[in-house]
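What follows is the content of final_1.csv, which has CSV, C-alpha atoms:
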```
chain,number,residue,atom,x,y,z
A,8,THR,CA,-19.1,2.6,11.5
A,9,CYS,CA,-21.3,5.5,12.7
A,10,GLY,CA,-24.1,7.2,10.9
A,11,GLY,CA,-26.8,9.9,11.2
A,12,LEU,CA,-29.6,8.0,9.5
A,13,TYR,CA,-29.1,4.3,8.8
A,14,PHE,CA,-31.4,2.2,6.5
A,15,THR,CA,-31.0,-1.5,6.3
A,16,GLY,CA,-33.2,-4.5,5.7
A,17,ALA,CA,-35.7,-5.4,3.0
A,18,GLY,CA,-38.6,-3.9,5.0
A,19,ASN,CA,-37.4,-0.3,4.7
A,20,SER,CA,-39.4,1.5,1.9
A,21,GLY,CA,-41.3,4.5,1.0
A,22,TYR,CA,-39.6,7.1,3.2
A,23,LYS,CA,-39.8,10.8,2.4
A,24,ILE,CA,-36.6,12.3,3.8
A,25,TYR,CA,-37.2,16.1,3.6
A,26,ASN,CA,-35.5,19.1,5.1
A,27,ASN,CA,-33.1,17.4,7.5
A,28,THR,CA,-29.8,18.8,8.7
A,29,ILE,CA,-27.3,16.0,9.6
A,30,SER,CA,-23.9,17.0,10.8
A,31,ILE,CA,-21.0,14.7,11.9
A,32,SER,CA,-18.0,16.5,13.5
A,33,GLY,CA,-15.1,15.7,15.8
A,34,THR,CA,-13.2,12.4,16.0
A,35,HIS,CA,-14.8,9.0,15.4
A,36,PRO,CA,-16.0,7.2,18.5
A,37,VAL,CA,-13.4,4.5,17.7
A,38,SER,CA,-10.5,6.9,17.3
A,39,GLY,CA,-7.0,6.1,16.1
A,40,THR,CA,-8.1,3.7,13.4
A,41,SER,CA,-7.8,4.6,9.8
A,42,THR,CA,-10.4,2.2,8.7
A,43,THR,CA,-13.2,3.7,10.9
A,44,THR,CA,-16.1,5.1,8.7
A,45,SER,CA,-18.8,7.7,9.2
A,46,HIS,CA,-21.8,8.5,7.1
A,47,CYS,CA,-24.4,11.2,7.4
A,48,ILE,CA,-26.9,8.9,5.8
A,49,TYR,CA,-26.4,5.2,4.9
A,50,PHE,CA,-28.4,2.8,2.7
A,51,SER,CA,-27.4,-0.9,2.9
A,52,SER,CA,-27.3,-3.4,0.0
A,53,ALA,CA,-30.2,-5.3,1.5
A,54,LEU,CA,-32.8,-2.7,0.6
A,55,ASN,CA,-35.4,-3.6,-2.0
A,56,VAL,CA,-34.9,-2.1,-5.5
A,57,SER,CA,-38.5,-0.7,-5.3
A,58,SER,CA,-37.9,1.0,-1.9
A,59,GLY,CA,-38.9,4.4,-3.2
A,60,PHE,CA,-36.8,6.7,-1.1
A,61,ASP,CA,-37.6,10.4,-1.8
A,62,ILE,CA,-34.7,12.6,-0.6
A,63,ARG,CA,-34.9,16.4,-1.0
A,64,ASN,CA,-33.8,19.6,0.6
A,65,ASN,CA,-31.3,18.0,3.1
A,66,ILE,CA,-27.9,19.1,4.4
A,67,PHE,CA,-25.5,16.2,4.8
A,68,SER,CA,-22.3,17.6,6.3
A,69,ASN,CA,-19.5,15.4,7.6
A,70,THR,CA,-16.6,17.5,9.0
A,71,GLY,CA,-15.1,14.7,11.1
A,72,SER,CA,-11.4,14.7,11.7
A,73,SER,CA,-10.6,11.0,11.5
A,74,GLY,CA,-11.3,7.8,9.5
A,75,ASN,CA,-13.2,7.5,6.2
A,76,ARG,CA,-15.8,10.3,6.0
A,77,PHE,CA,-18.8,10.3,3.7
A,78,SER,CA,-21.7,12.7,3.4
A,79,PHE,CA,-23.8,10.1,1.7
A,80,SER,CA,-23.5,6.4,1.3
A,81,SER,CA,-25.5,3.9,-0.7
A,82,PHE,CA,-24.5,0.3,-1.2
A,83,SER,CA,-27.7,-0.5,-2.9
A,84,ASN,CA,-29.0,-0.1,-6.5
A,85,THR,CA,-29.7,3.5,-7.4
A,86,ALA,CA,-33.2,2.4,-8.3
A,87,ILE,CA,-34.2,2.5,-4.6
A,88,PHE,CA,-34.4,6.4,-5.0
A,89,SER,CA,-37.7,7.7,-6.5
A,90,ASN,CA,-36.3,11.2,-6.2
A,91,ILE,CA,-33.0,12.5,-4.9
A,92,SER,CA,-32.4,16.3,-5.6
A,93,TYR,CA,-31.8,19.7,-4.0
A,94,ASN,CA,-29.5,18.3,-1.3
A,95,ASN,CA,-26.2,19.7,0.0
A,96,TYR,CA,-23.3,17.3,0.4
A,97,PHE,CA,-20.1,18.1,2.2
A,98,SER,CA,-17.2,16.0,3.5
A,99,SER,CA,-13.9,16.8,5.0
A,100,GLY,CA,-12.6,13.4,3.9
A,101,THR,CA,-11.0,12.2,0.7
A,102,SER,CA,-14.4,11.1,-0.8
A,103,LEU,CA,-17.6,13.1,-0.9
A,104,GLY,CA,-19.9,10.1,-1.0
A,105,ASN,CA,-20.6,6.6,-2.0
A,106,ALA,CA,-23.0,5.2,-4.6
A,107,GLY,CA,-23.5,1.6,-5.4
A,108,GLY,CA,-20.5,0.7,-3.2
A,109,ALA,CA,-18.1,3.0,-5.1
A,110,ALA,CA,-16.6,6.1,-3.6
A,111,TYR,CA,-16.7,9.4,-5.5
A,112,THR,CA,-14.6,12.5,-4.8
A,113,SER,CA,-16.7,15.2,-6.6
A,114,LEU,CA,-20.3,16.4,-6.6
A,115,THR,CA,-20.4,15.8,-10.4
A,116,THR,CA,-19.3,12.2,-10.3
A,117,LEU,CA,-21.4,11.4,-7.2
A,118,MET,CA,-24.6,12.9,-8.7
A,119,SER,CA,-24.0,11.1,-12.0
A,120,ALA,CA,-23.7,7.8,-10.1
A,121,LEU,CA,-27.0,8.6,-8.3
A,122,SER,CA,-28.7,9.7,-11.5
A,123,SER,CA,-29.4,13.1,-9.8
A,124,THR,CA,-29.1,16.3,-11.9
A,125,THR,CA,-31.2,19.0,-10.1
A,126,GLY,CA,-30.4,21.5,-7.4
A,127,ASN,CA,-27.5,19.8,-5.7
A,128,LEU,CA,-24.7,21.6,-3.9
A,129,ASN,CA,-21.3,20.9,-2.4
A,130,VAL,CA,-20.7,23.7,0.2
A,131,LEU,CA,-19.5,23.8,3.8
A,132,PRO,CA,-22.5,24.9,6.0
A,133,SER,CA,-21.9,27.5,8.7
A,134,PHE,CA,-23.7,26.4,11.9
A,135,SER,CA,-24.2,28.3,15.1
A,136,SER,CA,-22.1,25.5,16.8
A,137,THR,CA,-21.3,21.8,16.4
A,138,THR,CA,-24.4,21.1,18.6
A,139,ASN,CA,-26.6,23.9,17.4
A,140,LEU,CA,-27.3,23.4,13.7
A,141,HIS,CA,-29.2,26.6,13.0
A,142,LEU,CA,-27.6,28.2,10.0
A,143,THR,CA,-25.8,31.5,10.6
A,144,THR,CA,-26.9,34.6,8.7
A,145,THR,CA,-23.5,35.0,7.0
A,146,GLY,CA,-21.6,32.2,5.4
A,147,ASN,CA,-24.6,30.3,4.0
A,148,CYS,CA,-25.7,32.3,1.0
A,149,SER,CA,-25.5,29.2,-1.3
A,150,LEU,CA,-28.1,27.4,0.9
A,151,ASN,CA,-30.4,30.4,1.2
A,152,ASN,CA,-33.6,30.0,-1.0
A,153,SER,CA,-31.9,27.0,-2.8
A,154,GLY,CA,-34.5,24.3,-2.0
A,155,THR,CA,-37.5,23.1,-3.9
A,156,PRO,CA,-41.1,23.7,-2.5
A,157,LEU,CA,-42.6,20.6,-0.9
A,158,GLY,CA,-46.3,20.9,-0.2
A,159,SER,CA,-46.2,18.9,2.9
A,160,ILE,CA,-43.4,20.9,4.5
A,161,THR,CA,-44.8,24.4,5.4
A,162,THR,CA,-42.7,25.1,8.6
A,163,ASP,CA,-39.1,24.5,9.7
A,164,ILE,CA,-37.8,22.9,12.9
A,165,ASP,CA,-38.6,26.0,14.9
A,166,GLY,CA,-42.1,26.4,13.5
A,167,ASP,CA,-41.1,29.2,11.2
A,168,ALA,CA,-42.9,29.4,7.9
A,169,ARG,CA,-41.2,28.0,4.9
A,170,ASN,CA,-40.9,30.1,1.8
A,171,ASN,CA,-43.6,28.9,-0.6
A,172,THR,CA,-41.5,29.1,-3.7
A,173,THR,CA,-37.8,29.1,-2.7
A,174,PRO,CA,-37.4,27.4,0.7
A,175,ASP,CA,-34.0,26.9,2.3
A,176,ILE,CA,-32.1,23.6,2.2
A,177,GLY,CA,-31.9,22.0,5.6
A,178,ALA,CA,-34.0,21.9,8.8
A,179,ASP,CA,-33.7,25.7,9.4
A,180,GLU,CA,-35.4,28.4,7.3
A,181,PHE,CA,-33.2,31.4,7.7
A,182,SER,CA,-32.5,34.8,6.3
A,183,GLY,CA,-29.1,34.7,4.6
A,184,VAL,CA,-26.9,37.6,3.5
A,185,ASN,CA,-25.4,37.4,0.0
A,186,ASN,CA,-21.6,37.8,-0.4
A,187,THR,CA,-21.2,41.3,-1.9
A,188,SER,CA,-18.2,43.5,-2.3
A,189,SER,CA,-17.5,47.1,-3.1
A,190,ALA,CA,-15.6,48.6,-6.0
A,191,ALA,CA,-11.9,49.0,-5.7
A,192,SER,CA,-10.8,51.8,-3.4
A,193,SER,CA,-8.5,53.1,-6.2
A,194,SER,CA,-7.1,52.3,-9.6
A,195,PRO,CA,-3.5,53.2,-9.1
A,196,SER,CA,-0.8,54.1,-11.6
A,197,VAL,CA,2.6,53.4,-10.1
A,198,CYS,CA,6.2,53.0,-11.2
A,199,PHE,CA,7.9,49.7,-11.7
A,200,ASN,CA,9.3,48.2,-8.5
A,201,THR,CA,7.4,50.8,-6.4
A,202,ALA,CA,5.1,49.7,-3.5
A,203,LEU,CA,1.4,50.0,-4.1
A,204,THR,CA,-0.8,52.0,-1.7
A,205,ASP,CA,-3.2,49.2,-0.5
A,206,ILE,CA,-6.3,48.7,-2.7
A,207,THR,CA,-9.3,47.7,-0.6
A,208,HIS,CA,-12.5,45.8,-1.6
A,209,SER,CA,-14.9,45.8,1.3
A,210,THR,CA,-17.0,42.7,1.6
A,211,THR,CA,-20.4,42.0,3.2
A,212,GLY,CA,-21.6,38.6,4.2
A,213,ALA,CA,-19.7,35.5,3.5
A,214,THR,CA,-16.0,35.9,2.6
A,215,ALA,CA,-16.1,33.3,-0.1
A,216,ILE,CA,-13.6,34.9,-2.3
A,217,GLY,CA,-11.6,32.9,-4.9
A,218,THR,CA,-8.2,33.2,-6.4
A,219,PRO,CA,-7.4,36.4,-8.3
A,220,THR,CA,-6.4,36.5,-11.9
A,221,GLY,CA,-4.6,39.3,-13.8
A,222,LEU,CA,-2.5,40.8,-10.9
A,223,PRO,CA,1.0,41.9,-11.8
A,224,THR,CA,3.9,39.9,-10.5
A,225,GLY,CA,4.8,40.9,-7.0
A,226,VAL,CA,1.2,41.9,-6.1
A,227,THR,CA,-1.1,39.7,-3.9
A,228,PHE,CA,-4.6,39.6,-2.6
A,229,ASP,CA,-5.6,38.8,1.0
A,230,PRO,CA,-9.2,37.2,0.9
A,231,THR,CA,-9.6,37.8,4.7
A,232,THR,CA,-9.1,41.5,4.6
A,233,GLY,CA,-10.0,42.2,1.0
A,234,ILE,CA,-6.7,44.1,0.5
A,235,ILE,CA,-4.5,44.0,-2.6
A,236,SER,CA,-0.9,45.0,-1.8
A,237,GLY,CA,2.7,44.5,-2.9
A,238,THR,CA,5.5,45.8,-5.1
A,239,PRO,CA,4.9,45.2,-8.8
A,240,THR,CA,7.9,43.9,-10.7
A,241,GLN,CA,6.1,43.7,-14.1
A,242,SER,CA,5.1,46.7,-16.2
A,243,GLY,CA,1.9,47.2,-18.2
A,244,THR,CA,-1.8,47.6,-17.6
A,245,PHE,CA,-3.4,44.9,-15.5
A,246,PRO,CA,-7.2,44.5,-15.4
A,247,TYR,CA,-7.8,42.0,-12.6
A,248,SER,CA,-10.7,40.0,-11.4
A,249,ILE,CA,-11.4,38.0,-8.2
A,250,SER,CA,-14.5,35.8,-8.4
A,251,SER,CA,-16.7,34.6,-5.6
A,252,THR,CA,-16.5,30.8,-4.8
A,253,THR,CA,-20.3,30.8,-4.3
A,254,THR,CA,-23.2,31.2,-6.6
A,255,CYS,CA,-24.4,34.2,-4.7
A,256,GLY,CA,-21.5,36.6,-4.7
A,257,ASN,CA,-20.2,39.2,-7.1
A,258,THR,CA,-16.8,39.4,-8.9
A,259,LEU,CA,-14.2,41.9,-7.7
A,260,THR,CA,-12.7,43.9,-10.6
A,261,GLY,CA,-10.2,46.7,-11.0
A,262,THR,CA,-7.1,47.9,-12.9
A,263,ILE,CA,-3.5,48.5,-11.9
A,264,THR,CA,-1.2,50.4,-14.2
A,265,VAL,CA,2.6,49.8,-13.7
A,266,ASN,CA,4.8,52.3,-15.6
A,267,PRO,CA,8.2,51.1,-16.8
A,268,LEU,CA,11.4,52.6,-15.5
A,269,GLN,CA,12.5,55.6,-17.5
A,270,SER,CA,15.8,55.4,-19.4
A,271,ILE,CA,18.1,58.3,-20.2
A,272,SER,CA,20.1,58.3,-23.4
A,273,TYR,CA,22.8,60.8,-24.1
A,274,LEU,CA,25.6,61.5,-26.6
A,275,SER,CA,29.1,62.5,-25.5
A,276,GLY,CA,31.4,64.6,-27.6
A,277,ASN,CA,34.8,66.0,-27.5
A,278,THR,CA,34.5,69.8,-27.4
A,279,ASN,CA,38.1,70.1,-28.7
A,280,GLN,CA,37.2,68.6,-32.1
```
As structure tokens, what does this structure read like?
Amino acid sequence: TCGGLYFTGAGNSGYKIYNNTISISGTHPVSGTSTTTSHCIYFSSALNVSSGFDIRNNIFSNTGSSGNRFSFSSFSNTAIFSNISYNNYFSSGTSLGNAGGAAYTSLTTLMSALSSTTGNLNVLPSFSSTTNLHLTTTGNCSLNNSGTPLGSITTDIDGDARNNTTPDIGADEFSGVNNTSSAASSSPSVCFNTALTDITHSTTGATAIGTPTGLPTGVTFDPTTGIISGTPTQSGTFPYSISSTTTCGNTLTGTITVNPLQSISYLSGNTNQ
């Protein structure tokens, strides 16, 4: 087992764990074993129920490539936490975290088990590198201004001033860029089974674009380039939308009209009649 912060023993109590960034990446030190386990933060079953751990504004990111990976693990009674909120949890493993010795795969179920309901996130942070945990300007809009003010924490790890009302989650106070996108470059009207001229949605900041809804059959969206293209094989009017996968991005919308093939009817007659 490897861990970022590891708490065990009855004497551990009263800790205020504020504005940390803990990241585990790469392969487990004991590689090649499926039973190896890593935790960004770990609380043992030996801790006192009245331990009073206060855990806020932290990033727990486990992007390891082997073994059982947890962003958060507690094998103790949830009563050891006096406050646990405004944290970001991410794991590349099957389970997001552990509470009371049980593994949970989603943020909703993990927070329910920890009796935490406020300000928690489940997003992959974008760091400068695996060894430089400063947050990049783009790719972190969900973490920007998403913490809760703590009177005792006025500066970040670099000595930069914390926002007094909406500080960032993690050790680094940064200036993030929201994920924004432009209107569609066109609202085409094309014939059935005729290739579209590419429709472009320009994006700024994180490219956290979700799955489109409403596109006609034969037409697809590339979230990397922001381009809609293809040959529609379905006629009709198609108002489409493509939502952001973050809480700080806008929804792409537009309309594609596909006209049905024209049919020609005629009557034939015998001019000799």
Write out as a PyMOL selection string which residues come within 12 Å of A:Tyr13 when counting only C-alpha atoms, dropping same-chain ones fewer than 6 positions away.
-> chain A and resi 19+29+45-52+54+79-82
Taking 2 positions as the minimum chain separation for residues in the same chain, which residues sit within 12 Å of stretch 236-239 of chain A when counting all atoms listed in the file? Answer as a tab-separated table (two decimals) with C-alpha atoms, keeping the file's coordinate frame.
```tsv
chain	number	residue	atom	x	y	z
A	193	SER	CA	-8.50	53.10	-6.20
A	195	PRO	CA	-3.50	53.20	-9.10
A	196	SER	CA	-0.80	54.10	-11.60
A	197	VAL	CA	2.60	53.40	-10.10
A	198	CYS	CA	6.20	53.00	-11.20
A	199	PHE	CA	7.90	49.70	-11.70
A	200	ASN	CA	9.30	48.20	-8.50
A	201	THR	CA	7.40	50.80	-6.40
A	202	ALA	CA	5.10	49.70	-3.50
A	203	LEU	CA	1.40	50.00	-4.10
A	204	THR	CA	-0.80	52.00	-1.70
A	205	ASP	CA	-3.20	49.20	-0.50
A	206	ILE	CA	-6.30	48.70	-2.70
A	207	THR	CA	-9.30	47.70	-0.60
A	208	HIS	CA	-12.50	45.80	-1.60
A	222	LEU	CA	-2.50	40.80	-10.90
A	223	PRO	CA	1.00	41.90	-11.80
A	224	THR	CA	3.90	39.90	-10.50
A	225	GLY	CA	4.80	40.90	-7.00
A	226	VAL	CA	1.20	41.90	-6.10
A	227	THR	CA	-1.10	39.70	-3.90
A	228	PHE	CA	-4.60	39.60	-2.60
A	229	ASP	CA	-5.60	38.80	1.00
A	230	PRO	CA	-9.20	37.20	0.90
A	232	THR	CA	-9.10	41.50	4.60
A	233	GLY	CA	-10.00	42.20	1.00
A	234	ILE	CA	-6.70	44.10	0.50
A	241	GLN	CA	6.10	43.70	-14.10
A	242	SER	CA	5.10	46.70	-16.20
A	243	GLY	CA	1.90	47.20	-18.20
A	244	THR	CA	-1.80	47.60	-17.60
A	245	PHE	CA	-3.40	44.90	-15.50
A	263	ILE	CA	-3.50	48.50	-11.90
A	264	THR	CA	-1.20	50.40	-14.20
A	265	VAL	CA	2.60	49.80	-13.70
A	266	ASN	CA	4.80	52.30	-15.60
A	267	PRO	CA	8.20	51.10	-16.80
A	268	LEU	CA	11.40	52.60	-15.50
```
Contacts of A:Asn170 within 9 Å, all atoms listed in the file, excl. fewer than 5 positions in-chain, as a PyMOL selection string = chain A and resi 152+156+161-162+175+180
Go ahead and save the residues from that selection, with C-alpha atoms, as a short mmCIF file (atom, residue, chain, number, x, y, z; two decimals), in the frame of the given file.
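For reference, selection-v1.cif as written:
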```
data_model
loop_
_atom_site.label_atom_id
_atom_site.label_comp_id
_atom_site.auth_asym_id
_atom_site.auth_seq_id
_atom_site.Cartn_x
_atom_site.Cartn_y
_atom_site.Cartn_z
CA ASN A 152 -33.60 30.00 -1.00
CA PRO A 156 -41.10 23.70 -2.50
CA THR A 161 -44.80 24.40 5.40
CA THR A 162 -42.70 25.10 8.60
CA ASP A 175 -34.00 26.90 2.30
CA GLU A 180 -35.40 28.40 7.30
#
```
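Computed from the coordinates, the atom CA of A:Gly21 to atom CA of A:Ser119 distance equals 22.6 Å.
Separating atom CA of A:Gly261 from atom CA of A:Thr220 is a distance of 10.9 Å.
Picture a line from atom CA of A:Arg63 to atom CA of A:Tyr93; it runs 5.4 Å.
Proximity ranking of A:Ser122, A:Thr70, A:Thr155, A:Asn26 relative to A:Ser102 places A:Thr70 first, based on only C-alpha atoms.
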Could you give me, as a ChimeraX atom specification, the residues within 8 Å of A:His141, counting only C-alpha atoms and dropping anything in the same chain fewer than 4 positions from it?
-> /A:134-135,178-179
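Nearest to A:Phe88 of all the residues A:Asn151, A:Thr124, A:Thr143, A:Tyr22 is A:Tyr22, based on only C-alpha atoms.
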Find the residues around A:Asn64 up to 6 Å (all atoms listed in the file counted), leave out those fewer than 4 positions away in its own chain, and share them as a list in words.
-> Tyr25, Asn26, Tyr93, Asn94, Gly154, Ile176 and Gly177 of chain A
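If only C-alpha atoms are the atoms counted, then among A:Ser98, A:Asn90, A:Asn105, A:Ser32 the closest residue to A:Ser72 is A:Ser32.
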Scan for residues within 9 Å of the point (-18.5, 10.1, 0.3) in the coordinates of the file, using only C-alpha atoms, and reply as a PyMOL selection string.
-> chain A and resi 46+75-80+96-98+100-106+109-113+117
For the selection just defined, write its residues with C-alpha atoms to a file, as a JSON list (two decimals), in the frame of the given file.
```json
[["chain", "number", "residue", "atom", "x", "y", "z"],
["A", 46, "HIS", "CA", -21.80, 8.50, 7.10],
["A", 75, "ASN", "CA", -13.20, 7.50, 6.20],
["A", 76, "ARG", "CA", -15.80, 10.30, 6.00],
["A", 77, "PHE", "CA", -18.80, 10.30, 3.70],
["A", 78, "SER", "CA", -21.70, 12.70, 3.40],
["A", 79, "PHE", "CA", -23.80, 10.10, 1.70],
["A", 80, "SER", "CA", -23.50, 6.40, 1.30],
["A", 96, "TYR", "CA", -23.30, 17.30, 0.40],
["A", 97, "PHE", "CA", -20.10, 18.10, 2.20],
["A", 98, "SER", "CA", -17.20, 16.00, 3.50],
["A", 100, "GLY", "CA", -12.60, 13.40, 3.90],
["A", 101, "THR", "CA", -11.00, 12.20, 0.70],
["A", 102, "SER", "CA", -14.40, 11.10, -0.80],
["A", 103, "LEU", "CA", -17.60, 13.10, -0.90],
["A", 104, "GLY", "CA", -19.90, 10.10, -1.00],
["A", 105, "ASN", "CA", -20.60, 6.60, -2.00],
["A", 106, "ALA", "CA", -23.00, 5.20, -4.60],
["A", 109, "ALA", "CA", -18.10, 3.00, -5.10],
["A", 110, "ALA", "CA", -16.60, 6.10, -3.60],
["A", 111, "TYR", "CA", -16.70, 9.40, -5.50],
["A", 112, "THR", "CA", -14.60, 12.50, -4.80],
["A", 113, "SER", "CA", -16.70, 15.20, -6.60],
["A", 117, "LEU", "CA", -21.40, 11.40, -7.20]]
```
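Comparing A:Thr144, A:Asn84, A:Thr260, A:Asn55 by their smallest distance to A:Gly16, the closest is A:Asn55 (using all atoms listed in the file).
Shortest separation to A:Met118 among A:Ile91, A:Ile249, A:Leu259, A:Leu157 occurs at residue A:Ile91, atoms counted being only C-alpha atoms.
Minimum distance to A:Ala120 across A:Asn147, A:Thr85, A:Asn139, A:Ser20 (counting all atoms listed in the file) occurs at A:Thr85.
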